[in-house]
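**Q** The following block contains the structure, expressed as structure tokens.
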Amino acid sequence: MRRALTLGLTLSLFSVGCASEGPAVSVAELHTLQDAAEMGELHYGVPASLTLAVGYTETRWQLPDAGADADHHGMPTPVGVGGLRPWLASDPVGTAAAELGVDAERLADDPAVSLLATAVVLRAMADARGEAPAADDPGAWVEVLGDYAGLENEGARQSYADEVFRWMRVGASGLGADGSHVVLHSGSVRLPDGIGATQAYGGAEYSMARWVPASSTNYSSRTAAIDHIIIHTTQGSYAGAISWFQNPAADVSAHYVIRSSDGEITQMVHERDKAWHVGNYNSRSIGIEHEGYVADPGRWYTDAMYRSSAALVRHLCTKYGIPMDRSHIIGHSEAPGATHTDPGSGWDWGRYMDMVRGVPEGPAYDASYSGQSVPAEMTSGDREVAWVEMRNDGRATWSLDNTRIGTSAPQDHASPFFDAENWMNDHRASGADHSDYSTGRVGRFTFMVTAPEVTEDTTITDTFRLVQEGVTWFGPEVTLSILVHPRAVVGPVDEDGDGSPADVDCDDADASVHPGATDLCGDGVDADCDGVDPMCEPMPEPDAGTGMGMMEPDGGTGGGGSERPLGAEGCAVSPSGGGATGLWLVLAGLVVVARRRRVRSAA
């Protein structure tokens, strides 16, 4: 019933919602992955946080690798940062490209456009169900997420939604495929009843696994004894591999699939059956797929996945009498006739085999201080770059996803240096800059700091420590100390406290000297500060003998019907602009200067 419903939805989903006569948005406006997520919310009503979380779940915000193992098990390479599935009947790639007015190649190569395509497809699938959930209620998109992943099994659909929502709760940050810094801020997600709780499913032979059967057309009966275990990399997401193995046209499968973030295991083929994963070794082996990409081991080969996989392999070796050595536990690339490279050089075989054999290990997470860079002084409101470096003294490789620097003493307090545009939240400054900080390497954590508001010079300090999310806090505490200056006062200052800005009353020391003098002229100053400006006083009556005269306003005593012209500063001037009138203006200016000097001297 689920299969029929899913196919019905996907076949018809793009006849509703996203169909249009032309592109609804201009992709020319897109510059970063953050832009794409926000545009998806603005134009398609898909929560930006949901779009970012789907992209992170599928590819860690990278473009899927199209290298030597791009066609792993015949599975088409997922498209774009959102991991669009080319094998779905709905053809999400072609339809999203048409909606955005771009070709399929643009979706495969342009990170921001491909992430906007994720929002397009999510909205179309929501419309196909009858009504799109609200943009401010990401938890209501749970069924749409199952459709997007192309999953039919109810347990697998809920597992995928739970993974997406988990990233929304804990947050994530890092560099996207476009080179921009991307931040998924952590926040609460209200889920429908029954979603998000750990659920067990019958049918799995390993007690820690979920059971999601592959299509019966993708495996066959076993014809030989089991004596090998093959380690694979999915070259795609966990949910993508499950969806592909359930596709009747795939002609491939594996016994187990393991998720990167938490080591969750899904069994898809019974051990008594022959999964199709490694050519002529299929009959004698058990295949285990690990989520991720060969070319990006630091982001995908996590401590949780290693541990989960090693425990499964130890169980299988004990159950079938398989020697725990590298002759019987091999990578796909090591099987006779193999053409693939997985799990690649980034797979830590030494550590993995120690885990399989149960060799005691040192602490997974430990660190020692290496260095820091922080501005010595800042002004309130300023933003500056800071970083802290730590040496990895533990066994586990630090990742972009879960290894972070957070506030300590007390743990998770709100930092006074919180930068809303850069931090994941007020107590998580940053994740590791890179995902390949293995044992012995120095890892850097770079973040912005915003100087808090102060009213006087104040030294602000805060303490930080490394944290592996959901696992442990580790390493020494680091203190950041910055001298913060108050903001500079902008504008005139009333230095003498008379209620007027400086110089308006002509004497900043004595409020009694012409306080608040008014501008009588309209020239911006009361030139002599006595309440009367000689520049605007009536000029002497015209003297026929001297030629000094003014043009009277219309109707004045001077007769005639013309107005007298006014100078640029509001004072009357002679039409000629020179002669005796010019001399009068010069003399008046000298009087002003003399009076100003006397007033200043008296003060």
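Chain labels follow the order of the structure tokens: the first chain is A, the next B, and so on; residue numbering restarts at 1 in every chain, and ligands are counted from 1 in their shown order.
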Got a sec to tell me which of segment 238-406 of chain A DSSP assigns to strand (DSSP E or B), as number ranges by chain?
**A** A: 256-258, 265-267, 273-275, 285-290, 292, 329-331, 367-373, 377-379, 383-392, 398, 403-406
**Q** Could you give me, as an NGL selection string, the residues within 12 Å of Met448 of chain A, counting only C-alpha atoms and dropping anything in the same chain fewer than 4 positions from it?
**A** :A and (181 or 373-375 or 382-388 or 417-424 or 426 or 428-430)
**Q** Nearest residue to Asp273 of chain A out of A:Val54, A:Leu33, A:Leu88, A:Ala224, using only C-alpha atoms?
**A**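 Going through A:Val54, A:Leu33, A:Leu88, A:Ala224 one by one, the smallest distance to Asp273 of chain A is for A:Ala224.
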**Q** For a quick check of understanding, using only C-alpha atoms, which of A:Glu361, A:Asp462, A:Glu99, A:Asp137 has the smallest distance to Val27 of chain A?
**A** A:Glu99
**Q** Tell me, as a count of residues only, which residues lie within 8 Å of Leu184 of chain A, counting only C-alpha atoms; anything in the same chain fewer than 6 positions away does not count.
**A** 8
**Q** If you take only C-alpha atoms and a cut-off of 12 Å, which residues of segment 327-403 of chain A touch segment 241-264 of chain A, and what are their nearest atom pairs and distances in Å to one decimal, in chain and number order, as a tab-separated table?
**A**
```
residue	atom	partner	partner_atom	distance
A:His332	CA	A:Ala254	CA	11.9
A:Ser399	CA	A:Ser261	CA	10.5
A:Leu400	CA	A:Ser261	CA	11.4
A:Asp401	CA	A:Ser261	CA	8.3
A:Asn402	CA	A:Ser261	CA	8.6
A:Thr403	CA	A:Ser261	CA	11.9
```
**Q** Counting only C-alpha atoms, which of A:Ala104, A:Val144, A:Ala204, A:Ala161 gets nearest to Val121 of chain A?
**A**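 Selected residue with least distance to Val121 of chain A: A:Val144.
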**Q** Restricting the calculation to only C-alpha atoms: of A:Met355, A:Val471, A:Val484, A:Val278, which residue gets closest to Thr455 of chain A?
**A**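 Of all the options, A:Val484 lies closest to Thr455 of chain A.
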